[in-house]
$ cat query39.pdb   # PDB, C-alpha atoms, pLDDT in the B column
ATOM      1  CA  GLY W  22     126.495  89.383 128.391  1.00 72.00           C
ATOM      2  CA  ASP W  23     124.944  85.978 128.755  1.00 83.00           C
ATOM      3  CA  TRP W  24     121.314  85.070 128.166  1.00 87.00           C
ATOM      4  CA  VAL W  25     119.341  84.270 131.321  1.00 88.00           C
ATOM      5  CA  GLU W  26     115.815  82.985 131.828  1.00 88.00           C
ATOM      6  CA  LYS W  27     113.535  84.080 134.649  1.00 90.00           C
ATOM      7  CA  GLY W  28     114.667  82.291 137.827  1.00 89.00           C
ATOM      8  CA  ASP W  29     118.248  81.513 136.666  1.00 89.00           C
ATOM      9  CA  CYS W  30     120.967  82.047 139.280  1.00 87.00           C
ATOM     10  CA  ILE W  31     122.968  85.244 138.792  1.00 83.00           C
ATOM     11  CA  ALA W  32     125.018  85.184 142.031  1.00 82.00           C
ATOM     12  CA  THR W  33     125.263  83.299 145.310  1.00 83.00           C
ATOM     13  CA  ILE W  34     125.529  85.399 148.479  1.00 82.00           C
ATOM     14  CA  ALA W  35     125.909  84.627 152.182  1.00 82.00           C
ATOM     15  CA  LYS W  36     123.653  86.494 154.573  1.00 79.00           C
ATOM     16  CA  PRO W  37     122.872  86.170 158.265  1.00 74.00           C
ATOM     17  CA  GLN W  38     119.979  83.979 159.246  1.00 71.00           C
ATOM     18  CA  THR W  39     117.028  86.079 160.363  1.00 64.00           C
ATOM     19  CA  ASP W  40     115.644  83.714 163.003  1.00 59.00           C
ATOM     20  CA  SER W  41     118.827  83.439 165.077  1.00 51.00           C
ATOM     21  CA  ARG W  42     118.357  83.346 168.818  1.00 56.00           C
ATOM     22  CA  ARG W  43     118.662  86.677 170.598  1.00 55.00           C
ATOM     23  CA  LEU W  44     119.245  87.417 174.226  1.00 55.00           C
ATOM     24  CA  GLY W  45     118.379  90.909 175.364  1.00 54.00           C
ATOM     25  CA  GLY W  46     118.472  92.282 171.836  1.00 56.00           C
ATOM     26  CA  ARG W  47     121.987  90.891 171.125  1.00 60.00           C
ATOM     27  CA  ARG W  48     122.807  88.047 168.790  1.00 57.00           C
ATOM     28  CA  LEU W  49     124.249  85.039 170.469  1.00 58.00           C
ATOM     29  CA  GLU W  50     125.759  83.614 167.318  1.00 62.00           C
ATOM     30  CA  ALA W  51     126.084  84.748 163.684  1.00 65.00           C
ATOM     31  CA  VAL W  52     124.756  82.005 161.449  1.00 74.00           C
ATOM     32  CA  MET W  53     125.387  82.719 157.744  1.00 77.00           C
ATOM     33  CA  VAL W  54     123.116  81.142 155.144  1.00 82.00           C
ATOM     34  CA  GLU W  55     123.924  80.943 151.411  1.00 85.00           C
ATOM     35  CA  GLU W  56     121.184  82.241 149.107  1.00 87.00           C
ATOM     36  CA  ASN W  57     120.950  82.398 145.308  1.00 88.00           C
ATOM     37  CA  VAL W  58     120.097  85.711 143.638  1.00 85.00           C
ATOM     38  CA  THR W  59     117.862  84.853 140.661  1.00 88.00           C
ATOM     39  CA  ALA W  60     116.987  86.759 137.491  1.00 87.00           C
ATOM     40  CA  PRO W  61     113.593  88.517 137.806  1.00 87.00           C
ATOM     41  CA  LYS W  62     113.054  88.350 134.019  1.00 86.00           C
ATOM     42  CA  LYS W  63     114.578  86.792 130.933  1.00 87.00           C
ATOM     43  CA  GLY W  64     117.044  88.748 128.836  1.00 86.00           C
ATOM     44  CA  TRP W  65     120.710  89.572 128.297  1.00 85.00           C
ATOM     45  CA  VAL W  66     122.933  90.360 131.278  1.00 86.00           C
ATOM     46  CA  ASP W  67     123.976  93.881 130.341  1.00 82.00           C
ATOM     47  CA  LYS W  68     126.098  94.942 133.355  1.00 83.00           C
ATOM     48  CA  GLU W  69     127.487  93.014 136.331  1.00 82.00           C
ATOM     49  CA  SER W  70     129.094  94.312 139.496  1.00 80.00           C
ATOM     50  CA  SER W  71     132.662  93.162 140.060  1.00 78.00           C
ATOM     51  CA  LEU W  72     132.092  91.376 143.342  1.00 78.00           C
ATOM     52  CA  VAL W  73     134.967  89.741 145.253  1.00 77.00           C
ATOM     53  CA  ALA W  74     134.260  86.436 147.003  1.00 78.00           C
ATOM     54  CA  GLY W  75     134.273  86.740 150.793  1.00 76.00           C
ATOM     55  CA  GLN W  76     133.824  90.517 150.932  1.00 78.00           C
ATOM     56  CA  LYS W  77     130.676  92.440 151.794  1.00 79.00           C
ATOM     57  CA  ILE W  78     128.616  93.721 148.855  1.00 76.00           C
ATOM     58  CA  LYS W  79     128.429  97.247 150.284  1.00 75.00           C
ATOM     59  CA  ASP W  80     132.257  97.418 150.264  1.00 76.00           C
ATOM     60  CA  ASN W  81     132.414  96.675 146.506  1.00 75.00           C
ATOM     61  CA  GLN W  82     129.569  98.744 145.055  1.00 77.00           C
ATOM     62  CA  VAL W  83     127.106 101.555 145.512  1.00 75.00           C
ATOM     63  CA  GLY W  84     123.432 100.555 145.446  1.00 75.00           C
ATOM     64  CA  SER W  85     121.752  97.196 145.521  1.00 75.00           C
ATOM     65  CA  ALA W  86     121.898  96.137 141.850  1.00 80.00           C
ATOM     66  CA  ILE W  87     124.226  93.175 141.303  1.00 81.00           C
ATOM     67  CA  ALA W  88     123.358  92.862 137.586  1.00 84.00           C
ATOM     68  CA  VAL W  89     121.321  94.730 134.979  1.00 84.00           C
ATOM     69  CA  ILE W  90     119.220  92.597 132.629  1.00 84.00           C
ATOM     70  CA  ASP W  91     118.229  94.000 129.238  1.00 84.00           C
ATOM     71  CA  PHE W  92     115.430  92.136 127.465  1.00 79.00           C
ATOM     72  CA  GLY W  93     115.941  93.884 124.125  1.00 79.00           C
ATOM     73  CA  PRO W  94     113.839  96.410 122.276  1.00 82.00           C
ATOM     74  CA  PRO W  95     110.142  96.680 123.152  1.00 83.00           C
ATOM     75  CA  TRP W  96     107.574  94.856 120.998  1.00 86.00           C
ATOM     76  CA  TRP W  97     106.080  98.072 119.640  1.00 92.00           C
ATOM     77  CA  LEU W  98     109.352  98.979 117.886  1.00 93.00           C
ATOM     78  CA  LEU W  99     108.943  95.930 115.647  1.00 92.00           C
ATOM     79  CA  LEU W 100     105.343  96.942 114.887  1.00 95.00           C
ATOM     80  CA  LEU W 101     106.412 100.531 114.196  1.00 96.00           C
ATOM     81  CA  GLY W 102     109.129  99.328 111.807  1.00 96.00           C
ATOM     82  CA  PHE W 103     106.644  97.114 109.968  1.00 97.00           C
ATOM     83  CA  LEU W 104     104.135  99.972 109.608  1.00 97.00           C
ATOM     84  CA  LEU W 105     106.873 102.325 108.388  1.00 97.00           C
ATOM     85  CA  ALA W 106     107.934  99.796 105.735  1.00 97.00           C
ATOM     86  CA  LEU W 107     104.285  99.355 104.706  1.00 97.00           C
ATOM     87  CA  CYS W 108     103.837 103.136 104.343  1.00 97.00           C
ATOM     88  CA  CYS W 109     106.984 103.368 102.215  1.00 97.00           C
ATOM     89  CA  MET W 110     105.732 100.589  99.938  1.00 96.00           C
ATOM     90  CA  MET W 111     102.345 102.302  99.552  1.00 96.00           C
ATOM     91  CA  CYS W 112     104.020 105.621  98.663  1.00 95.00           C
ATOM     92  CA  CYS W 113     106.157 103.870  96.048  1.00 95.00           C
ATOM     93  CA  LEU W 114     103.084 102.117  94.650  1.00 94.00           C
ATOM     94  CA  PHE W 115     101.163 105.407  94.378  1.00 93.00           C
ATOM     95  CA  LYS W 116     104.129 107.034  92.654  1.00 92.00           C
ATOM     96  CA  ILE W 117     104.351 104.175  90.133  1.00 91.00           C
ATOM     97  CA  MET W 118     100.588 104.162  89.472  1.00 91.00           C
ATOM     98  CA  GLN W 119     100.372 107.956  89.047  1.00 90.00           C
ATOM     99  CA  LYS W 120      98.903 109.037  85.710  1.00 88.00           C
ATOM    100  CA  GLU W 121     100.976 111.036  83.305  1.00 87.00           C
ATOM    101  CA  PRO W 122      99.983 114.689  83.027  1.00 86.00           C
ATOM    102  CA  PRO W 123      97.875 115.495  79.953  1.00 86.00           C
ATOM    103  CA  PRO W 124      99.808 116.741  76.950  1.00 85.00           C
ATOM    104  CA  ALA W 125      99.950 120.440  76.305  1.00 82.00           C
ATOM    105  CA  PRO W 126      97.315 121.658  73.840  1.00 76.00           C
ATOM    106  CA  GLU W 127      98.553 121.981  70.303  1.00 72.00           C
ATOM    107  CA  PRO W 128      98.556 125.428  68.739  1.00 70.00           C
ATOM    108  CA  GLU W 129      95.426 126.042  66.714  1.00 65.00           C
ATOM    109  CA  ASN W 130      96.073 126.273  62.986  1.00 67.00           C
ATOM    110  CA  GLU W 131      94.080 128.313  60.482  1.00 68.00           C
ATOM    111  CA  VAL W 132      92.391 125.302  58.866  1.00 64.00           C
ATOM    112  CA  MET W 133      90.823 124.049  62.129  1.00 63.00           C
ATOM    113  CA  LYS W 134      89.461 127.425  63.337  1.00 67.00           C
ATOM    114  CA  PRO W 135      86.225 127.383  61.292  1.00 65.00           C
ATOM    115  CA  LEU W 136      85.554 123.727  62.106  1.00 60.00           C
ATOM    116  CA  LYS W 137      86.148 124.278  65.802  1.00 63.00           C
ATOM    117  CA  LYS W 138      83.865 127.324  65.790  1.00 61.00           C
ATOM    118  CA  ARG W 139      81.103 125.293  64.161  1.00 58.00           C
ATOM    119  CA  LEU W 140      81.502 122.410  66.641  1.00 57.00           C
ATOM    120  CA  ASP W 141      81.647 124.705  69.679  1.00 60.00           C
ATOM    121  CA  SER W 142      78.613 126.754  68.654  1.00 59.00           C
ATOM    122  CA  GLY W 143      76.041 124.007  69.193  1.00 59.00           C
ATOM    123  CA  LEU W 144      77.089 120.568  70.349  1.00 60.00           C
ATOM    124  CA  ARG W 145      74.298 118.101  69.623  1.00 64.00           C
ATOM    125  CA  GLN W 146      73.880 114.504  70.596  1.00 70.00           C
ATOM    126  CA  GLY W 147      72.869 111.841  68.148  1.00 77.00           C
ATOM    127  CA  CYS W 148      73.201 111.415  64.406  1.00 83.00           C
ATOM    128  CA  ARG W 149      72.574 114.344  62.075  1.00 81.00           C
ATOM    129  CA  LEU W 150      70.006 113.583  59.375  1.00 83.00           C
ATOM    130  CA  ASP W 151      69.089 115.979  56.552  1.00 82.00           C
ATOM    131  CA  PHE W 152      65.902 115.307  54.547  1.00 79.00           C
ATOM    132  CA  GLN W 153      64.018 117.202  51.878  1.00 79.00           C
ATOM    133  CA  LYS W 154      60.620 116.782  50.307  1.00 73.00           C
ATOM    134  CA  GLU W 155      60.529 117.662  46.634  1.00 73.00           C
ATOM    135  CA  GLY W 156      60.448 121.392  46.086  1.00 76.00           C
ATOM    136  CA  GLN W 157      60.961 122.291  49.771  1.00 79.00           C
ATOM    137  CA  GLU W 158      64.033 123.359  51.754  1.00 82.00           C
ATOM    138  CA  ILE W 159      66.381 120.934  53.558  1.00 82.00           C
ATOM    139  CA  HIS W 160      65.259 120.050  57.079  1.00 78.00           C
ATOM    140  CA  THR W 161      67.904 118.909  59.658  1.00 80.00           C
ATOM    141  CA  VAL W 162      67.085 116.663  62.645  1.00 81.00           C
ATOM    142  CA  TRP W 163      69.209 114.871  65.231  1.00 80.00           C
ATOM    143  CA  ALA W 164      68.285 111.203  65.728  1.00 82.00           C
ATOM    144  CA  LYS W 165      69.045 110.036  69.253  1.00 81.00           C
ATOM    145  CA  PHE W 166      67.519 106.540  69.035  1.00 81.00           C
ATOM    146  CA  ARG W 167      67.491 103.536  66.731  1.00 82.00           C
ATOM    147  CA  PRO W 168      65.841 102.076  64.686  1.00 86.00           C
ATOM    148  CA  LEU W 169      64.374 104.882  62.642  1.00 85.00           C
ATOM    149  CA  GLY W 170      61.580 102.685  61.254  1.00 87.00           C
ATOM    150  CA  ILE W 171      61.889 103.747  57.591  1.00 87.00           C
ATOM    151  CA  HIS W 172      61.216 101.441  54.597  1.00 86.00           C
ATOM    152  CA  HIS W 173      63.210 102.692  51.641  1.00 83.00           C
ATOM    153  CA  SER W 174      64.594 101.547  48.319  1.00 81.00           C
ATOM    154  CA  TYR W 175      68.209 100.435  48.511  1.00 82.00           C
ATOM    155  CA  GLU W 176      69.297 102.927  45.848  1.00 83.00           C
ATOM    156  CA  ALA W 177      70.699 106.425  46.231  1.00 81.00           C
ATOM    157  CA  PRO W 178      69.127 108.794  47.028  1.00 80.00           C
ATOM    158  CA  LEU W 179      67.202 107.078  49.806  1.00 80.00           C
ATOM    159  CA  VAL W 180      63.487 107.841  49.617  1.00 83.00           C
ATOM    160  CA  ALA W 181      61.133 107.123  52.535  1.00 83.00           C
ATOM    161  CA  ASN W 182      58.527 104.861  50.893  1.00 85.00           C
ATOM    162  CA  ASP W 183      56.839 103.627  54.056  1.00 87.00           C
ATOM    163  CA  PHE W 184      57.219 103.574  57.857  1.00 85.00           C
ATOM    164  CA  THR W 185      57.003 100.777  60.417  1.00 86.00           C
ATOM    165  CA  PHE W 186      54.417 100.746  63.188  1.00 83.00           C
ATOM    166  CA  ASN W 187      55.332 103.352  65.846  1.00 83.00           C
ATOM    167  CA  SER W 188      58.180 104.682  63.678  1.00 84.00           C
ATOM    168  CA  TYR W 189      60.678 106.973  65.421  1.00 80.00           C
ATOM    169  CA  ALA W 190      61.409 108.876  62.184  1.00 82.00           C
ATOM    170  CA  LYS W 191      57.705 109.510  61.483  1.00 83.00           C
ATOM    171  CA  ASP W 192      56.463 110.229  65.028  1.00 81.00           C
ATOM    172  CA  ALA W 193      59.363 112.032  66.699  1.00 80.00           C
ATOM    173  CA  LEU W 194      61.468 113.418  63.827  1.00 79.00           C
ATOM    174  CA  GLY W 195      58.614 114.483  61.539  1.00 78.00           C
ATOM    175  CA  TRP W 196      59.550 112.660  58.333  1.00 78.00           C
ATOM    176  CA  LYS W 197      56.857 112.332  55.660  1.00 80.00           C
ATOM    177  CA  HIS W 198      56.268 109.887  52.778  1.00 76.00           C
ATOM    178  CA  GLY W 199      58.525 110.646  49.847  1.00 77.00           C
ATOM    179  CA  ALA W 200      61.199 112.497  51.860  1.00 79.00           C
ATOM    180  CA  VAL W 201      64.656 112.177  50.329  1.00 70.00           C
TER     181      VAL W 201
END
$ encode --input "query39.pdb" --output "structure tokens"
Amino acid sequence: GDWVEKGDCIATIAKPQTDSRRLGGRRLEAVMVEENVTAPKKGWVDKESSLVAGQKIKDNQVGSAIAVIDFGPPWWLLLLGFLLALCCMMCCLFKIMQKEPPPAPEPENEVMKPLKKRLDSGLRQGCRLDFQKEGQEIHTVWAKFRPLGIHHSYEAPLVANDFTFNSYAKDALGWKHGAV
């Protein structure tokens, strides 16, 4: 089919003039007037009736449609196709960006069992510090903040000689002068 715009001529027909003079309800004369049949919308001419020039339309076809105009797919099909493509791209992107599953846990060997038991028994936060005053038992504390505020000699073993003002080790952890 051919492309037609709204108002383009599809066919030319001859029809009787409607304002012919009548006498007693009878026509005095049959005046035929040519008229163009125009396209009501733009689109492709999909089907045409096979009309023969000079014959009546009702002798050649059933119904009043001389031509069928198809203006293509509706606008929402294009939008639907675009959204479908967008969804497919998002699914592919999510599949690409998916994290790998975590590895399977390794079997526990005999060497790690005691260490794991010790770590699982009491998880502490901070840094473990052991100190001892001469002749006393070892005292363990967990330092969560820095600085400790200890003045010490830079030789092993470290001995707490003095503390800074508002010392964390002295006030919160309970260290005393001379602790090793």
$ atom_distance --input "query39.pdb" --atom1 "CA of Asp23 (chain W)" --atom2 "CA of Lys62 (chain W)"
13.2 Å
$ resolve_selection --input "query39.pdb" --expression "the PyMOL selection byres ((chain W and resi 178) around 12)" --output "NGL selection string"
:W and (151-153 or 173-177 or 179-182 or 199-201)
$ atom_distance --input "query39.pdb" --atom1 "CA of Val162 (chain W)" --atom2 "CA of Gly195 (chain W)"
8.8 Å
$ residues_around --input "query39.pdb" --residues "Leu169 (chain W)" --least-positions-apart "3" --cutoff "12 Å" --atoms "all atoms listed in the file" --output "PyMOL selection string"
chain W and resi 148+150+163-166+172-173+181+183-196
$ axis_aligned_box --input "query39.pdb" --around "region 189-201 of chain W" --padding-each-side "8 Å" --output "JSON"
{"center_x": 60.5, "center_y": 110.7, "center_z": 58.3, "size_x": 24.4, "size_y": 23.5, "size_z": 32.9}
$ atom_distance --input "query39.pdb" --atom1 "CA of Ser70 (chain W)" --atom2 "CA of Ala32 (chain W)"
10.3 Å
$ closest_residue --input "query39.pdb" --among "W:Asp67, W:Asp29, W:Asp80, W:Glu56" --to "Phe92 (chain W)" --atoms "only C-alpha atoms"
W:Asp67
$ resolve_selection --input "query39.pdb" --expression "the PyMOL selection byres ((chain W and resi 35) around 9)" --output "list in words"
Thr33, Ile34, Lys36, Pro37, Met53, Val54, Glu55, Glu56, Asn57 and Gly75 of chain W
$ residues_around --input "query39.pdb" --residues "Ala86 (chain W)" --least-positions-apart "5" --cutoff "12 Å" --atoms "all atoms listed in the file" --output "list in words"
Ile31, Ala32, Val58, Ala60, Pro61, Asp67, Lys68, Glu69, Ser70, Ser71, Leu72, Ile78, Lys79 and Asn81 of chain W
